[in-house]
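Here is target.pdb, consisting of PDB, C-alpha atoms:
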```pdb
MODEL        1
ATOM      1  CA  MET O  60      27.547 -22.124 -27.484
ATOM      2  CA  PRO O  61      31.293 -22.906 -27.840
ATOM      3  CA  ASP O  62      32.962 -26.008 -26.433
ATOM      4  CA  ASP O  63      34.261 -25.750 -22.874
ATOM      5  CA  ASP O  64      37.850 -25.574 -24.143
ATOM      6  CA  GLU O  65      37.212 -22.735 -26.596
ATOM      7  CA  TYR O  66      36.414 -19.074 -26.106
ATOM      8  CA  ASP O  67      33.595 -17.370 -27.888
ATOM      9  CA  PRO O  68      35.215 -15.204 -30.653
ATOM     10  CA  ALA O  69      33.492 -12.145 -29.163
ATOM     11  CA  ALA O  70      35.201 -12.811 -25.828
ATOM     12  CA  LEU O  71      38.567 -13.198 -27.579
ATOM     13  CA  SER O  72      38.196  -9.752 -29.132
ATOM     14  CA  VAL O  73      37.664  -8.287 -25.646
ATOM     15  CA  LEU O  74      40.780 -10.059 -24.342
ATOM     16  CA  ALA O  75      42.789  -8.802 -27.327
ATOM     17  CA  ARG O  76      41.908  -5.185 -26.432
ATOM     18  CA  MET O  77      42.875  -5.556 -22.779
ATOM     19  CA  GLU O  78      46.112  -3.922 -21.772
ATOM     20  CA  PRO O  79      48.567  -6.112 -19.877
ATOM     21  CA  PRO O  80      48.830  -5.284 -16.164
ATOM     22  CA  ARG O  81      51.301  -2.585 -15.205
ATOM     23  CA  ARG O  82      54.661  -4.177 -14.437
ATOM     24  CA  ARG O  83      55.306  -3.882 -10.738
ATOM     25  CA  PRO O  84      58.776  -2.968  -9.574
ATOM     26  CA  THR O  85      60.550  -5.955  -8.096
ATOM     27  CA  ALA O  86      63.537  -6.068  -5.815
ATOM     28  CA  HIS O  87      66.391  -8.496  -6.124
ATOM     29  CA  ILE O  88      65.376 -11.780  -4.527
ATOM     30  CA  GLU O  89      68.024 -13.522  -2.489
ATOM     31  CA  GLY O  90      68.145 -17.293  -2.344
ATOM     32  CA  LEU O  91      67.535 -17.850   1.368
ATOM     33  CA  TYR O  92      65.136 -16.329   3.915
ATOM     34  CA  LEU O  93      64.442 -16.979   7.579
ATOM     35  CA  VAL O  94      61.306 -19.029   8.133
ATOM     36  CA  GLU O  95      58.997 -19.098  11.124
ATOM     37  CA  ASP O  96      58.288 -22.839  11.053
ATOM     38  CA  GLY O  97      61.657 -23.999  12.325
ATOM     39  CA  PRO O  98      65.395 -23.376  12.379
ATOM     40  CA  GLY O  99      67.307 -22.478   9.250
ATOM     41  CA  SER O 100      66.219 -20.703   6.140
ATOM     42  CA  SER O 101      64.293 -21.453   3.003
ATOM     43  CA  THR O 102      63.894 -20.507  -0.646
ATOM     44  CA  ARG O 103      61.455 -17.712  -1.334
ATOM     45  CA  LEU O 104      59.012 -18.360  -4.165
ATOM     46  CA  GLU O 105      56.931 -15.419  -5.348
ATOM     47  CA  LEU O 106      53.891 -16.010  -7.536
ATOM     48  CA  VAL O 107      51.153 -13.842  -8.962
ATOM     49  CA  VAL O 108      47.626 -15.237  -9.222
ATOM     50  CA  GLN O 109      45.253 -13.547 -11.657
ATOM     51  CA  VAL O 110      41.640 -14.500 -12.295
ATOM     52  CA  LEU O 111      39.904 -13.256 -15.425
ATOM     53  CA  VAL O 112      36.188 -13.618 -14.683
ATOM     54  CA  GLY O 113      34.183 -14.179 -17.837
ATOM     55  CA  LEU O 114      30.453 -14.355 -18.361
ATOM     56  CA  GLU O 115      30.343 -18.167 -18.422
ATOM     57  CA  ARG O 116      33.693 -19.233 -16.906
ATOM     58  CA  SER O 117      36.962 -17.825 -15.589
ATOM     59  CA  THR O 118      40.618 -18.108 -16.515
ATOM     60  CA  VAL O 119      43.053 -18.651 -13.646
ATOM     61  CA  ILE O 120      46.660 -17.645 -14.359
ATOM     62  CA  VAL O 121      49.556 -18.266 -11.993
ATOM     63  CA  ALA O 122      52.746 -16.532 -13.098
ATOM     64  CA  ASP O 123      56.290 -15.737 -12.015
ATOM     65  CA  PRO O 124      56.279 -11.965 -11.324
ATOM     66  CA  ILE O 125      59.945 -11.570 -12.231
ATOM     67  CA  THR O 126      59.921 -13.231 -15.637
ATOM     68  CA  GLY O 127      56.211 -12.809 -16.360
ATOM     69  CA  ARG O 128      56.112 -16.464 -17.457
ATOM     70  CA  ALA O 129      52.794 -18.187 -16.817
ATOM     71  CA  LEU O 130      53.260 -21.362 -14.790
ATOM     72  CA  ALA O 131      49.591 -22.328 -15.098
ATOM     73  CA  ASN O 132      46.700 -21.163 -17.242
ATOM     74  CA  GLU O 133      43.391 -22.915 -16.702
ATOM     75  CA  VAL O 134      39.811 -22.197 -17.790
ATOM     76  CA  VAL O 135      37.385 -23.240 -15.039
ATOM     77  CA  PRO O 136      33.682 -22.886 -14.261
ATOM     78  CA  HIS O 137      32.676 -20.121 -11.855
ATOM     79  CA  GLY O 138      33.223 -21.174  -8.250
ATOM     80  CA  SER O 139      36.247 -23.328  -9.109
ATOM     81  CA  GLU O 140      38.757 -20.462  -9.227
ATOM     82  CA  PRO O 141      40.178 -20.899  -5.680
ATOM     83  CA  GLY O 142      40.763 -24.623  -6.188
ATOM     84  CA  ALA O 143      42.463 -24.100  -9.545
ATOM     85  CA  ALA O 144      44.688 -21.356  -8.096
ATOM     86  CA  ALA O 145      45.601 -23.516  -5.076
ATOM     87  CA  ALA O 146      46.443 -26.500  -7.290
ATOM     88  CA  ALA O 147      48.689 -24.352  -9.499
ATOM     89  CA  VAL O 148      50.489 -22.873  -6.492
ATOM     90  CA  GLU O 149      50.936 -26.349  -5.004
ATOM     91  CA  ALA O 150      52.431 -27.614  -8.286
ATOM     92  CA  ALA O 151      54.848 -24.658  -8.411
ATOM     93  CA  VAL O 152      55.969 -25.270  -4.831
ATOM     94  CA  ARG O 153      56.458 -28.995  -5.491
ATOM     95  CA  GLU O 154      58.816 -28.113  -8.373
ATOM     96  CA  TRP O 155      61.026 -26.207  -5.908
ATOM     97  CA  LEU O 156      61.075 -28.919  -3.243
ATOM     98  CA  PRO O 157      64.029 -31.318  -3.206
TER      99      PRO O 157
ENDMDL
END
```
Could you quickly redo this structure as structure tokens?
Amino acid sequence: MPDDDEYDPAALSVLARMEPPRRRPTAHIEGLYLVEDGPGSSTRLELVVQVLVGLERSTVIVADPITGRALANEVVPHGSEPGAAAAAVEAAVREWLP
């Protein structure tokens, strides 16, 4: 069995054959949006969370949908996917905060 940080070569061959997700059309994102939690406006941060569920563990990817750049990519045991996704989203939001 491979180390926790390495994929089984058979699993890598499956990932290599996977087609990337269809690029979704995106509209121009303005800098400021009205918010419901108080007066004023706020920056809008859009993220895409993808979970690749493997046989022994999952890969959680949080990416910017406009650039396609992955902001987080973490391999976690099954059942830990929501926590890993939440932590990655929290880290992305903290980068945007003053």
Atomic distance CA of Ala129 (chain O) - CA of Val107 (chain O), expressed in Å with one decimal: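 CA of Ala129 (chain O) sits 9.1 Å away from CA of Val107 (chain O).
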So how many Å separate CA of Val152 (chain O) and CA of Gly113 (chain O), to one decimal? 27.7 Å
Nearest to Glu105 (chain O), chosen from O:Leu156, O:Ile120, O:Ile125, O:Ala147, with all atoms listed in the file counted in the distances: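 With all atoms listed in the file as the atom set, the closest residue is O:Ile125.
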Going by the chain IDs and residue numbers used in this file, which residues fall under the PyMOL selection byres ((chain O and resi 143-146) around 12)? Write them as a ChimeraX atom specification. /O:106-111,117-122,130-142,147-153
Provide an axis-aligned box for all listed atoms of region 124-131 of chain O, padding each side by 6 Å; report its centre and its edge lengths in Å to one decimal, as AutoDock Vina command-line options.
```
--center_x 54.8 --center_y -16.9 --center_z -14.4 --size_x 22.4 --size_y 22.8 --size_z 18.1
```
